[in-house]
Each structure stands twice: as C-alpha cells, then as structure tokens.
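First the structure, in the form of structure tokens, and then the observations on it.
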Number of protein chains: 4
Amino acid sequence: MLVQSKSYKIKLIMNFKEFNNLSKQEAQIALKKCCVSESWVNGMIKYFPFDSPEELIKNAANCWYDNCTEQDWKEAFKGHPKIGDLNSLKQKFAPTKDWANKEQTKVGEADDKILEALSKLNEAYLSKFGYIFIVSATGKSAKEIVDIIQIRLLNTKEDELIIAMGEQHKITVIRLAKLIDDLNVTTDLRSHITTHVLDTSTGIPAKGMPVKLEGFTDGNWKPIAIGITNNDGRIANLLPPGKLLTAGNYQMTFSTEPYYKSENQNGFYPQVNIQFKISDHDHYHVPLLLNPYGYTTYKGS
Amino acid sequence: MLVQSKSYKIKLIMNFKEFNNLSKQEAQIALKKCCVSESWVNGMIKYFPFDSPEELIKNAANCWYDNCTEQDWKEAFKGHPKIGDLNSLKQKFAPTKDWANKEQTKVGEADDKILEALSKLNEAYLSKFGYIFIVSATGKSAKEIVDIIQIRLLNTKEDELIIAMGEQHKITVIRLAKLIDDLNVTTDLRSHITTHVLDTSTGIPAKGMPVKLEGFTDGNWKPIAIGITNNDGRIANLLPPGKLLTAGNYQMTFSTEPYYKSENQNGFYPQVNIQFKISDHDHYHVPLLLNPYGYTTYKGS
Amino acid sequence: MLVQSKSYKIKLIMNFKEFNNLSKQEAQIALKKCCVSESWVNGMIKYFPFDSPEELIKNAANCWYDNCTEQDWKEAFKGHPKIGDLNSLKQKFAPTKDWANKEQTKVGEADDKILEALSKLNEAYLSKFGYIFIVSATGKSAKEIVDIIQIRLLNTKEDELIIAMGEQHKITVIRLAKLIDDLNVTTDLRSHITTHVLDTSTGIPAKGMPVKLEGFTDGNWKPIAIGITNNDGRIANLLPPGKLLTAGNYQMTFSTEPYYKSENQNGFYPQVNIQFKISDHDHYHVPLLLNPYGYTTYKGS
Amino acid sequence: MLVQSKSYKIKLIMNFKEFNNLSKQEAQIALKKCCVSESWVNGMIKYFPFDSPEELIKNAANCWYDNCTEQDWKEAFKGHPKIGDLNSLKQKFAPTKDWANKEQTKVGEADDKILEALSKLNEAYLSKFGYIFIVSATGKSAKEIVDIIQIRLLNTKEDELIIAMGEQHKITVIRLAKLIDDLNVTTDLRSHITTHVLDTSTGIPAKGMPVKLEGFTDGNWKPIAIGITNNDGRIANLLPPGKLLTAGNYQMTFSTEPYYKSENQNGFYPQVNIQFKISDHDHYHVPLLLNPYGYTTYKGS
C-alpha cells in the first residue's frame with residue numbers, strides 16, 4: 001500500500017529493517033501515524049534507528065511514560081476519534097482512518113441501545129475529565145467498553161489521566177505493530193502482568209470481568225490500568241508491551257459481583273482483591289480460580 | 001437405673017471411679033453389655049482396673065484389633081439386632097434393648113420404601129458375607145445406611161470383615177461411653193482421621209457423601225473403614241476412638257458423582273481420591289473443598 | 001467467695017438464676033464490676049431480670065454499641081489498669097484486681113525487653129489517643145499485644161475509638177461469664193465472624209498473624225476489630241459475643257508479610273485481603289489457606 | 001534436501017500440497033520413513049490424498065489405534081534404535097538416522113552414570129517385555145527417560161504394550177511434521193489431555209514429575225500414557241496428536257513423593273490422583289497446584 005502524505009511517499013506497511021532504513025523525516029511521519037504527540041515522536045527519533053524491535057518497543061514506552069508530560073498525553077488524545085461515535089470517526093484523521101475503523105470493529109457490531117449508552121457515557125467522560133475517552137478497543141465489545149467507561153468515570157482526574165495515557169500507549173504499540181509487520185508484539189513483548197479468571201463452578205472462563213490494577217506509592221494505592229477479561233477469561237494486555245513496573249506492591253481488584261449476577265450465582269465475594277509483590281522484569285501471571293463461596297489465586301508461569 | 005442381671009445387681013450408669021471399683025465379675029458383666037465377645041471381655045479384664053479413661057479406651061481397641069480373631073469378631077456380630085428389622089430388634093437381647101433402639105433412632109424415622117430397600121440389602125449382605133450387617137448407626141438416616149450397605153456389598157469377604165469389625169468396635173465404644181458417664185469420647189478420644197466436605201459452589205457442607213478409607217499394605221490398598229458425611233459435612237467417627245493407624249500410606253475416596261447428581265450439578269470428578277501419609281499418633285484432618293470443576297484439599301488442624 | 005463492697009454483701013460468683021434474683025441495687029453493683037460505665041449499667045438494669053443468658057448477652061452488646069456514647073466508652077476505659085504496667089495494676093481497682101491480673105497472665109510471662117517495648121507503646125498510645133490502650137488480653141502473649149498495639153497506633157482517632165470500645169466490650173463479656181458461671185459464652189455466643197489461617201507449605205497453623213476487620217459504610221472502609229491468630233491459627237473472638245454485624249460488605253486483611261518473614265519464607269503476598277458479604281445472623285467463618293505463592297479462601301461452616 | 005532411496009527420488013521435506021501430489025508409491029515410501037509398520041502405511045494409503053492436514057493426522061491415529069494389531073505395533077518398534085545406545089543408533093536405519101539422532105539430542109548430553117543406568121534399564125526392559133523401550137524422547141533429558149523407564153518397568157506386559165504403542169505414534173507424528181513442513185502439530189492438533197504442575201510453595205513449575213494417565217475400562221483402570229513434566233511444569237504431548245479419548249472416566253496420577261524429596265520438602269501426599277470425566281473431543285487441561293500440605297486441581301481452559 002502506497003500512501004501520499006504531504007510531500008513524502010511512505011510505504012505504510014514495512015518490515016523492521018525497512019523502517020530502520022527510512023530517513024529521519026520519513027520515520028517521524030511514520031511514528032506520528034502511531035501517536036500524534038510531538039514530544040513522543042521527537043523522543044523516539046533520538047534513538048532512531050533502533051538496535052532491535054525490542055529496543056524500539058522499550059523506547060516507545062520509556063519516551064511516553066518518563067519523558068512526556070500531561071500536555072503531551074492530552075495532545076495525543078486529540079488525535080483520536082471518539083469510540084462509538086461513527087460520524088466523527090468517518091471525518092477525522094484521514095491517514096489513520098482505516099486503522100481506527102478496524103480498531104473499533106467490535107464496537108460497530110453492538111446494538112443501538114448500547115451505542116446510545118456509550119455515546120452518553122462518552123459525553124459524561126468528556127465533561128468530567130476534559131478529554132475524550134481513550135481505550136484500546138481491539139477485541140472489546142461495546143458492552144465491555146460501557147463496563148470499562150463506567151468504572152473509569154469513578155476515578156479522580158489525577159488517577160484517570162494515568163489510565164488514559166496507558167491506554168493511549170497500548171494503541172500506539174498496536175499501530176507500531178501494524179506499521180512494522182515483523183514486530184512480534186504478542187509473543188515477545190507481552191504485558192508485564194497478565195491475569196486469567198476461571199469459574200470452577202461452571203468449568204468455563206469468566207469473561208467480561210473488569211479488573212483494576214493499582215500500585216502502592218507514597219502510602220496510597222494509585223490506579224495503573226483497568227482491563228476486562230476476554231472470551232477465554234484472560235487479560236493479556238493489561239499493560240502496554242514494553243512498560244515494566246518498578247519493584248513494589250501492586251494489587252488487582254476483580255469485579256466479581258456483576259459477574260455472579262450475570263451467571264445467576266449468589267456469590268459471597270463482592271470483589272476479589274489480590275495484593276502481590278513485583279520484584280523484577282520477569283513476566284507475572286496472577287490468575288483467579290473463582291466459585292461462589294471460595295476462590296484460589298497463585299503465581300502462575 | 002438399677003438392673004437385675006443374673007445374681008448381680010449392677011448400676012448400669014456409673015462414673016469411671018465407680019467402674020474401677022467393681023469386682024472383676026461385675027466388670028465382666030458390664031463389659032459384656034458393650035461387646036459380647038468372650039475374648040474381648042477377657043482381654044479387657046486383664047488390665048482392669050484401668051489407670052485412666054484414656055487407658056480403658058486404648059485397651060478396648062488393642063484387645064479388639066490385635067488380640068481377637070475372626071471367630072471373636074463374628075461372635076460379637078451375633079450380639080446385635082439387624083438394623084432396620086424392628087421385629088427382631090424387639091425380641092433380641094433384652095438387657096441392651098433400650099440402647100440398641102436408641103442407636104437406631106434415625107432409622108426408625110425413615111419411610112417404608114427405604115426400610116424395604118434396607119431390609120433387602122440386609123438379606124443380600126447376610127447371604128454374601130454370612131453375618132448380619134454391622135454399622136455404627138448413631139446419627140445416620142436409613143437413606144445413609146442404604147448408601148453405606150450398597151458400597152460395602154461390593155467388598156470382598158476379606159475386606160468387608162475388617163470394616164464390619166471396625167464398626168462393631170465403634171458401637172462398643174459408644175456403649176462404653178453410655179456405661180461410664182464421664183468417659184469423654186467426643187473430645188478426648190476422637191477418630192485418628194477425620195474429614196469434612198464443603199461445597200464451595202453452594203457455600204454449604206456436602207452431606208450424605210460416602211467416604212472410603214484404605215491403607216496400603218503389602219503392595220495393595222486394603223479397606224479400613226467406610227463412613228458418610230453428616231449434616232455438617234463431617235465424618236468425626238471414621239475410626240473408633242482409641243484405634244491408631246500405623247505409620248504408612250492411606251487414601252480416602254469420596255463418592256462425588258452421586259453428590260453432584262443430588263445437587264443437579266454437572267461435576268467433572270466422578271470420585272475424589274486423596275492419598276496421604278500417616279507418620280504419628282497426632283490427629284489427622286483431611287478435608288475436601290469441592291466444586292463442580294475444581295477441588296482443594298489440605299492438612300487441617 | 002464473699003466480698004464486702006460498700007454496704008452490700010455480694011456473692012461474686014453465682015449462677016444465672018441467682019443473678020436474676022438479685023435486687024436491682026445488687027445487680028447494678030455486680031454489673032459495674034464488669035464495666036464501670038454508668039450508662040451501660042443503667043441500660044442493662046432496664047432489662048433486668050433477663051429472660052435467658054442469651055438475652056443478657058445480647059442486651060449487653062446492644063446497650064454498649066447502640067445506647068452508649070463516646071463519653072460512656074471513655075468512662076469505661078478509665079476503669080482499667082494499663083496492660084503490662086504491673087505497678088498500676090496492683091494499685092488500681094481493688095474489687096476486680098484478681099480478674100485483671102488473671103486477664104493479663106500471659107503478659108506477665110514475657111521477658112523484660114518486650115515489656116519495655118509494651119510500656120513505651122502504651123505511652124505512645126495514650127499520648128496519641130488520650131486514653132489507655134484497651135485490649136482483651138486473655139490468651140495473648142506480650143509479643144502479640146505489641147503487634148496489635150503497633151497496628152492500632154496507625155489508626156485515626158475516630159477509627160481507633162471503635163476498636164477500643166469493641167475490645168472493652170469483649171472484656172465486659174469475659175467478666176460477665178466469670179460473674180455468672182453458667183453463662184456459656186464459648187459455645188453459645190461466639191463471635192459473629194471467625195477466621196483460621198493454615199500454612200499449607202508447613203502443614204501447621206499460622207499463629208500470631210494480625211487480622212483487621214473492616215465494614216464498608218458510606219463509601220468507606222471503617223475498622224471494626226483487630227485480632228491476632230492464636231496457637232491453633234484461629235481468631236475465635238474477633239467480635240464480642242452478642243455483637244451482630246448488620247448486613248453489608250466487610251473485609252478482613254491478614255498481615256502475611258511479617259508471618260512469611262518469621263517463617264523464612266519469601267512470600268508473594270504482602271497482605272491478603274478478603275472481601276465478603278454478611279447477610280444474616282448466622283455464624284460466618286472465613287478461613288485462609290496460605291502458602292508463599294498461592295492462597296485459598298472459602299466460606300466455612 | 002534430496003535423498004536417493006531405492007529407485008525413487010523423494011524430496012524429504014515438502015509441504016502438504018506437495019505431499020498430496022506424490023504418487024501412491026512415493027507416499028508409501030515417505031510414510032514408511034515415519035513408521036515402518038506395513039499395516040499402518042497401507043491403512044494410510046487408503047485415505048491418500050488427504051482433505052486437510054488435520055485429516056491426515058486424524059487418520060494416522062485411527063489407522064494406528066484401531067486397525068493395527070499387536071504384531072503391527074511390534075513391527076514398528078523394530079524400526080528404532082535403542083534410546084541411549086549410541087552405537088546401535090549409528091548403524092541402524094540409515095534413511096532416518098539424522099532424525100533419530102535429533103530426537104535423542106538431550107540424551108546425548110547426559111553424563112556417563114545416567115547413560116549406564118539407562119543402558120541397564122533398557123536391557124531389563126527388553127528382557128521383561130521382549131521389545132526395545134520406545135519413548136518419544138524429544139525434549140527429555142536422560143534422567144527423565146530413566147525416571148519414565150523405571151515406572152514403565154512396573155507395568156504388566158498387557159499394559160505396557162498400550163503405552164509403548166502410544167509413544168510409537170507420538171514419534172510417528174513428530175516425523176510426519178518433519179516430513180511435511182506446514183503440518184502445524186503444536187497449535188492445531190495438541191494432545192487431547194494436557195497437564196501443568198505448579199509448586200505454590202516455591203512459586204515455580206514442578207519439572208521432571210512423572211504422570212500416569214489411565215482409563216476405566218471393564219471395571220479396571222488400564223494405563224494409556226506416562227509422561228513427565230517439562231521445565232515449565234507442563235506435559236503437552238501426553239497423547240499423540242489426533243488421538244481422541246472416548247467418553248468415560250480417566251485418572252492422572254502424579255508421582256509427588258520423588259518431587260518433594262528433590263525439593264527437600266516433607267510432603268503429605270505420596271501421590272496425587274485426579275479422576276475426571278471426558279465427554280467430548282474438546283481439549284482437556286487438568287492442572288495441579290501443589291504444595292507440601294495441600295493441593296488444588298481444576299478444569300483449565
């Protein structure tokens with residue numbers, strides 16, 4: 001696919017070697033298609049070309065988390081269509097239109113009532129936080145996005161900004177992986193923390209369960225990410241690839257009560273909270289075996 | 001209560017001190033009311049009077065398990081009415097009639113169909129094994145006794161004899177505790193092994209579940225006892241008080257499939273088998289936390 | 001035992017019937033030996049004589065929790081010697097001296113360093129909260145009391161008052177049970193919530209582990225009680241007998257990190273938090289099966 | 001790679017389409033390189049060419065399990081070098097020499113003592129069963145093969161034949177996947193049953209643990225396969241791809257005692273036995289969360 005963008009011709013899908021062979025100007029344009037923040041693009045260009053795909057992904061996270069400011073994050077948010085608002089989706093951001101549409105495929109399949117609810121929640125979100133609702137929507141149904149936005153609406157402004165900027169970066173990485181087709185994000189660079197919820201009373205994975213990740217900082221629990229279990233009961237992308245948590249105490253809170261209700265179970269546990277220690281860059285898998293009157297967790301592998 | 005028995009007047013309910021103060025002849029008569037085996041009574045009398053209630057109970061088990069033979073055990077079996085056969089119950093064994101009736105109270109409450117089934121199973125049992133079905137019936141419903149007899153009918157003659165003689169001794173100890181009213185069997189001298197089954201999908205104990213205890217001897221699993229969980233999901237009297245298992249490997253097998261069916265659950269586990277090591281005379285508690293698609297066991301305290 | 005107190009002769013140990021047959025004046029004096037708060041004693045007298053021991057215990061809790069004020073609670077606190085300060089213990093409150101000494105027996109066995117630490121913590125507590133440290137010390141070692149006081153020192157004034165007054169009431173009930181010798185507090189009127197911690201990596205109970213109980217009220221978690229597991233890993237008296245929690249969401253937080261350290265285990269869980277729903281007056285047992293890299297909880301029976 | 005074999009030129013590595021385009025004679029030769037049994041090769045040729053890679057794999061299992069006899073299985077066993085006997089390895093079966101060497105790579109790395117033990121066990125096996133020890137050695141160390149052969153030596157002749165022929169078929173499928181390079185055995189056609197053992201007292205997978213799979217047939221447990229957990233605690237190839245178990249009761253027995261010993265743990269469970277129901281062709285994952293005094297199993301996904 002060849003795309004005419006300003007005065008440069010850029011092959012939008014390339015492999016890592018081709019990407020590294022771009023001129024700095026071309027690389028800047030390509031990166032901006034992944035995230036419109038000037039600071040992030042400029043931060044990335046300092047390290048261009050990259051030693052390896054892994055280095056690219058790690059730098060992408062470092063530039064975003066450590067070198068960008070609130071202003072930069074909000075600049076990036078403005079580069080998105082609103083999720084669920086298909087009209088604005090069609091008008092905004094021509095070069096990435098196809099991707100944005102694809103990223104929101106599952107939203108498109110939802111029925112009208114949920115889309116209306118989503119639209120109202122989007123408005124409420126914008127009104128509370130001052131920027132549009134950002135979520136890595138890939139693979140999520142409109143219903144799941146509604147569940148997530150409702151939880152995130154309860155956050156303070158300070159907390160929500162951190163979550164929104166994490167989601168922004170997940171989208172950036174997905175776009176990087178679309179741009180550079182041998183960037184194996186799924187297997188090589190998974191989320192530092194993953195989870196899995198199995199319902200051992202039904203024998204099947206618990207899907208659609210919201211999970212909140214928080215870190216203990218300066219005497220307080222601060223939100224880091226909010227995800228929702230997929231059809232296999234898993235959250236594989238709780239953190240963006242390349243984002244490594246510092247050593248310390250973290251907790252995941254599983255919203256079990258709505259799940260029990262959806263399964264007509266009379267559960268004993270309104271929430272399940274699991275606190276654990278991160279001490280290195282190894283992958284952490286923290287699963288939950290849930291049943292109405294008991295649960296088990298363990299450090300997975 | 002004063003009872004005229006042959007030429008001796010014996011106060012049937014006494015305390016431990018009064019029991020120890022009986023003449024040997026009186027003690028023999030009192031003990032025979034608990035178990036009619038001559039060898040057992042004579043074995044006990046050798047140690048009479050006893051240093052403590054604990055010593056009495058331990059000797060009762062040792063005499064029965066180690067010094068009695070198949071003939072002695074079968075002699076004791078003949079001292080019982082058939083469970084559920086209320087006619088024979090009324091005619092047989094006048095001196096212990098009241099106790100035997102009491103021991104079978106719960107049987108009396110069952111409906112006719114179950115009693116008929118029980119009667120037929122009793123016949124089948126007698127016909128297969130050559131002696132009447134012996135079970136410590138205290139606290140068990142007729143339905144539970146039917147479940148137990150059906151499992152025990154599957155045993156070989158050799159295996160069943162061991163189980164029947166264990167049940168005989170449980171009855172003996174219950175009678176000893178009725179005879180000597182400060183013999184605190186419940187708290188001081190509980191079964192060497194106990195179990196407890198909780199259904200964590202319903203949050204309530206799993207009652208009426210048969211559990212088989214076996215020991216690994218000479219390369220084979222040999223049955224030791226078969227019990228059934230009570231209304232609190234427990235089997236407190238799997239072994240008679242005073243009977244201590246030798247060090248070695250043991251297993252308990254829980255009949256989960258009939259339980260799942262009775263709860264309309266579609267369980268994954270037809271049976272749950274737990275193998276464990278006994279290495280001393282401490283109490284062993286081996287509980288089961290069961291749900292349809294998962295279970296947990298642990299060494300309790 | 002006959003004790004001369006003011007102008008009344010009161011037999012300090014009596015049975016329930018004898019207690020009910022006291023004159024109101026005598027009953028008032030007897031109750032005041034259990035708790036010096038005027039409001040509580042007067043509240044109790046309104047219901048005197050009591051229909052049953054259970055009614056007495058329930059009224060004791062209701063009067064204390066629902067009809068007494070902060071002032072009343074603090075009045076009761078003043079009726080105590082400081083835990084560990086054996087000098088003041090000997091001088092204060094002659095009529096209840098023997099009981100107070102007994103309640104603190106285990107403290108007396110501690111070594112000097114721990115008593116010094118306890119003494120300093122008592123000072124710090126008094127200085128922060130304005131009243132002496134109240135704890136139901138029966139069965140607790142000085143080391144365990146040190147662990148508890150350290151946790152309670154972290155509370156806000158508002159939160160700590162609730163915990164202190166709960167402890168005060170546990171002491172009151174223990175004294176009521178000493179006064180009226182057929183008040184079977186242990187079996188009939190246990191704590192509405194109990195817990196039990198088993199370490200399944202060692203196979204033995206986890207003793208000395210602090211556990212905090214909180215209730216979710218008006219959008220916040222508010223402390224209710226702080227206990228510590230005994231030698232059998234249990235906390236049987238987390239709440240005073242007769243105190244029933246209202247329906248709602250509660251959580252227990254187990255301080256696992258210090259336990260892991262004491263066992264030289266490298267545990268994954270700094271704390272274990274279990275949230276659950278109370279919906280009736282049934283007994284709730286919420287146990288924890290802990291190991292370094294996994295844990296299980298269930299609704300016990 | 002082109003190999004001259006008799007009068008036919010065959011490209012030994014090909015894709016599925018190329019394989020389907022072989023003449024029947026060429027296909028026969030290619031299949032014989034995977035398993036030398038005439039009956040199996042002839043059975044396969046009846047279905048040649050295959051509709052899909054899946055069909056090929058399913059037919060491979062059906063021909064082997066359902067249409068081959070004891071004689072056919074033993075014919076196939078003769079087509080192998082002995083594991084660990086590197087001399088015979090070099091002389092026997094020239095065309096597949098490279099593969100056989102590769103399949104036994106890990107064996108080659110073992111130290112001399114283990115190879116000697118392996119050699120003696122091979123002799124003992126041959127002497128007991130009358131054919132050489134067959135095992136799918138890929139990924140297994142000589143130590144692990146020693147552990148497996150020791151367990152299999154305990155089998156009866158009848159039982160062991162079933163296990164050996166299952167191993168033979170795993171090797172066949174591995175060779176089919178080497179022959180036809182787009183046969184995605186790993187992801188598409190995994191073992192009907194898999195397992196995973198995590199040690200929750202150390203937080204790491206339990207590796208090198210033997211696991212026996214048995215099916216309940218005609219009132220008896222009959223062995224089906226014996227595997228050993230890999231470095232990640234998993235057995236992914238307990239059954240050959242394409243082999244589907246019929247509906248019924250199965251059990252897995254985990255040899256926990258040697259594992260506890262190797263970890264210097266004093267475990268309560270000499271073995272862990274898990275019985276479960278297979279009712280369809282879905283994948284079954286039966287994991288074990290093990291610690292010294294407790295364990296959990298569940299139906300995974």
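Residue numbers start at 1 in each chain; chains themselves are named A, B, ... in the order of the structure tokens; ligands are numbered from 1 in the order shown.
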
- Task: Write down, as a ChimeraX atom specification, each residue of chain D that has any atom within 10 Å of an atom of chain C, counting only C-alpha atoms.
- Result: /D:198-204,265-268,289-296

Generate the output file for the selected residues, N, CA, C and O atoms, as a JSON list (two decimals), in the first residue's frame.
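Below you can see result.json, which holds the result:
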```json
[["chain", "number", "residue", "atom", "x", "y", "z"],
["D", 198, "LEU", "N", 2.27, -26.72, 39.12],
["D", 198, "LEU", "CA", 2.92, -25.55, 39.72],
["D", 198, "LEU", "C", 3.13, -25.82, 41.20],
["D", 198, "LEU", "O", 2.21, -26.28, 41.88],
["D", 199, "ASP", "N", 4.31, -25.52, 41.70],
["D", 199, "ASP", "CA", 4.59, -25.65, 43.12],
["D", 199, "ASP", "C", 4.34, -24.29, 43.76],
["D", 199, "ASP", "O", 5.13, -23.36, 43.58],
["D", 200, "THR", "N", 3.24, -24.16, 44.49],
["D", 200, "THR", "CA", 2.90, -22.85, 45.05],
["D", 200, "THR", "C", 3.63, -22.57, 46.36],
["D", 200, "THR", "O", 3.40, -21.54, 46.99],
["D", 201, "SER", "N", 4.50, -23.48, 46.78],
["D", 201, "SER", "CA", 5.35, -23.12, 47.93],
["D", 201, "SER", "C", 6.66, -22.49, 47.46],
["D", 201, "SER", "O", 7.28, -21.74, 48.20],
["D", 202, "THR", "N", 7.07, -22.77, 46.21],
["D", 202, "THR", "CA", 8.27, -22.14, 45.68],
["D", 202, "THR", "C", 7.94, -21.12, 44.59],
["D", 202, "THR", "O", 8.78, -20.31, 44.23],
["D", 203, "GLY", "N", 6.73, -21.18, 44.07],
["D", 203, "GLY", "CA", 6.33, -20.24, 43.02],
["D", 203, "GLY", "C", 6.85, -20.60, 41.64],
["D", 203, "GLY", "O", 6.74, -19.79, 40.72],
["D", 204, "ILE", "N", 7.42, -21.79, 41.49],
["D", 204, "ILE", "CA", 7.94, -22.18, 40.18],
["D", 204, "ILE", "C", 7.36, -23.52, 39.74],
["D", 204, "ILE", "O", 6.85, -24.30, 40.55],
["D", 265, "GLN", "N", 11.40, -31.08, 50.52],
["D", 265, "GLN", "CA", 10.12, -30.79, 51.17],
["D", 265, "GLN", "C", 9.62, -32.06, 51.83],
["D", 265, "GLN", "O", 9.84, -33.16, 51.33],
["D", 266, "ASN", "N", 8.93, -31.88, 52.96],
["D", 266, "ASN", "CA", 8.38, -33.01, 53.68],
["D", 266, "ASN", "C", 6.90, -33.11, 53.34],
["D", 266, "ASN", "O", 6.05, -32.70, 54.11],
["D", 267, "GLY", "N", 6.59, -33.64, 52.17],
["D", 267, "GLY", "CA", 5.21, -33.58, 51.66],
["D", 267, "GLY", "C", 4.28, -34.60, 52.28],
["D", 267, "GLY", "O", 4.70, -35.70, 52.66],
["D", 268, "PHE", "N", 3.03, -34.23, 52.36],
["D", 268, "PHE", "CA", 1.98, -35.05, 52.98],
["D", 268, "PHE", "C", 1.42, -36.08, 52.00],
["D", 268, "PHE", "O", 0.78, -37.05, 52.40],
["D", 289, "LEU", "N", -2.06, -27.57, 41.33],
["D", 289, "LEU", "CA", -1.34, -26.58, 42.14],
["D", 289, "LEU", "C", -0.93, -27.29, 43.41],
["D", 289, "LEU", "O", -1.78, -27.62, 44.25],
["D", 290, "LEU", "N", 0.36, -27.55, 43.55],
["D", 290, "LEU", "CA", 0.84, -28.43, 44.61],
["D", 290, "LEU", "C", 1.61, -27.66, 45.67],
["D", 290, "LEU", "O", 2.40, -26.77, 45.36],
["D", 291, "ASN", "N", 1.37, -27.99, 46.94],
["D", 291, "ASN", "CA", 2.31, -27.57, 47.97],
["D", 291, "ASN", "C", 2.44, -28.71, 48.97],
["D", 291, "ASN", "O", 1.75, -29.71, 48.86],
["D", 292, "PRO", "N", 3.36, -28.64, 49.92],
["D", 292, "PRO", "CA", 3.63, -29.83, 50.73],
["D", 292, "PRO", "C", 2.41, -30.35, 51.50],
["D", 292, "PRO", "O", 2.26, -31.55, 51.67],
["D", 293, "TYR", "N", 1.52, -29.45, 51.96],
["D", 293, "TYR", "CA", 0.39, -29.90, 52.78],
["D", 293, "TYR", "C", -0.96, -29.48, 52.20],
["D", 293, "TYR", "O", -1.92, -29.25, 52.96],
["D", 294, "GLY", "N", -1.03, -29.36, 50.90],
["D", 294, "GLY", "CA", -2.30, -29.03, 50.28],
["D", 294, "GLY", "C", -2.15, -29.04, 48.78],
["D", 294, "GLY", "O", -1.04, -28.91, 48.25],
["D", 295, "TYR", "N", -3.23, -29.27, 48.07],
["D", 295, "TYR", "CA", -3.20, -29.12, 46.62],
["D", 295, "TYR", "C", -4.57, -28.78, 46.08],
["D", 295, "TYR", "O", -5.59, -28.98, 46.75],
["D", 296, "THR", "N", -4.57, -28.22, 44.87],
["D", 296, "THR", "CA", -5.79, -27.79, 44.20],
["D", 296, "THR", "C", -5.74, -28.27, 42.76],
["D", 296, "THR", "O", -4.69, -28.22, 42.13]]
```

- DSSP-assigned helix (DSSP H, G or I) members of region 37-259 of chain D, reported as a PyMOL selection string: chain D and resi 38-46+53-67+70-77+86-91+94-103+105-108+112-129+142-152+157-179+185-188+256-259

- Would you return as a PyMOL selection string the members of region 30-270 of chain A that DSSP assigns to strand (DSSP E or B) on this structure's backbone? chain A and resi 180+193-199+204-205+210-217+220-228+234-235+248-254

Neighbour list for Ser255 (chain D) as a PDB file with all heavy atoms, in the first residue's frame, cut-off 7 Å, only C-alpha atoms, skip fewer than 4 positions in-chain:
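Wrote out-v9.pdb, looks like this:
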```pdb
ATOM      1  N   MET D 209       8.317 -34.315  36.888  1.00  0.00           N
ATOM      2  CA  MET D 209       7.382 -35.152  37.650  1.00  0.00           C
ATOM      3  C   MET D 209       6.642 -36.122  36.727  1.00  0.00           C
ATOM      4  O   MET D 209       5.914 -35.694  35.840  1.00  0.00           O
ATOM      5  CB  MET D 209       6.369 -34.281  38.398  1.00  0.00           C
ATOM      6  CG  MET D 209       5.457 -35.098  39.319  1.00  0.00           C
ATOM      7  SD  MET D 209       4.221 -34.089  40.129  1.00  0.00           S
ATOM      8  CE  MET D 209       5.242 -33.117  41.224  1.00  0.00           C
ATOM      9  N   PRO D 210       6.807 -37.435  36.945  1.00  0.00           N
ATOM     10  CA  PRO D 210       6.087 -38.411  36.127  1.00  0.00           C
ATOM     11  C   PRO D 210       4.581 -38.375  36.395  1.00  0.00           C
ATOM     12  O   PRO D 210       4.160 -38.211  37.551  1.00  0.00           O
ATOM     13  CB  PRO D 210       6.680 -39.757  36.562  1.00  0.00           C
ATOM     14  CG  PRO D 210       7.986 -39.423  37.200  1.00  0.00           C
ATOM     15  CD  PRO D 210       7.763 -38.082  37.844  1.00  0.00           C
ATOM     16  N   VAL D 211       3.815 -38.521  35.339  1.00  0.00           N
ATOM     17  CA  VAL D 211       2.358 -38.518  35.427  1.00  0.00           C
ATOM     18  C   VAL D 211       1.828 -39.680  34.586  1.00  0.00           C
ATOM     19  O   VAL D 211       2.238 -39.855  33.443  1.00  0.00           O
ATOM     20  CB  VAL D 211       1.765 -37.192  34.903  1.00  0.00           C
ATOM     21  CG1 VAL D 211       0.242 -37.213  34.986  1.00  0.00           C
ATOM     22  CG2 VAL D 211       2.319 -36.000  35.691  1.00  0.00           C
ATOM     23  N   GLN D 271       1.352 -39.517  46.484  1.00  0.00           N
ATOM     24  CA  GLN D 271       0.908 -39.404  45.100  1.00  0.00           C
ATOM     25  C   GLN D 271      -0.288 -38.477  45.087  1.00  0.00           C
ATOM     26  O   GLN D 271      -0.998 -38.355  46.070  1.00  0.00           O
ATOM     27  CB  GLN D 271       0.428 -40.754  44.566  1.00  0.00           C
ATOM     28  CG  GLN D 271       1.497 -41.776  44.351  1.00  0.00           C
ATOM     29  CD  GLN D 271       0.972 -42.965  43.567  1.00  0.00           C
ATOM     30  OE1 GLN D 271      -0.136 -43.437  43.790  1.00  0.00           O
ATOM     31  NE2 GLN D 271       1.775 -43.443  42.630  1.00  0.00           N
ATOM     32  N   VAL D 272      -0.536 -37.863  43.953  1.00  0.00           N
ATOM     33  CA  VAL D 272      -1.796 -37.150  43.779  1.00  0.00           C
ATOM     34  C   VAL D 272      -2.535 -37.802  42.632  1.00  0.00           C
ATOM     35  O   VAL D 272      -2.007 -37.917  41.525  1.00  0.00           O
ATOM     36  CB  VAL D 272      -1.589 -35.651  43.515  1.00  0.00           C
ATOM     37  CG1 VAL D 272      -2.904 -34.997  43.097  1.00  0.00           C
ATOM     38  CG2 VAL D 272      -1.045 -34.964  44.766  1.00  0.00           C
TER      39      VAL D 272
END
```
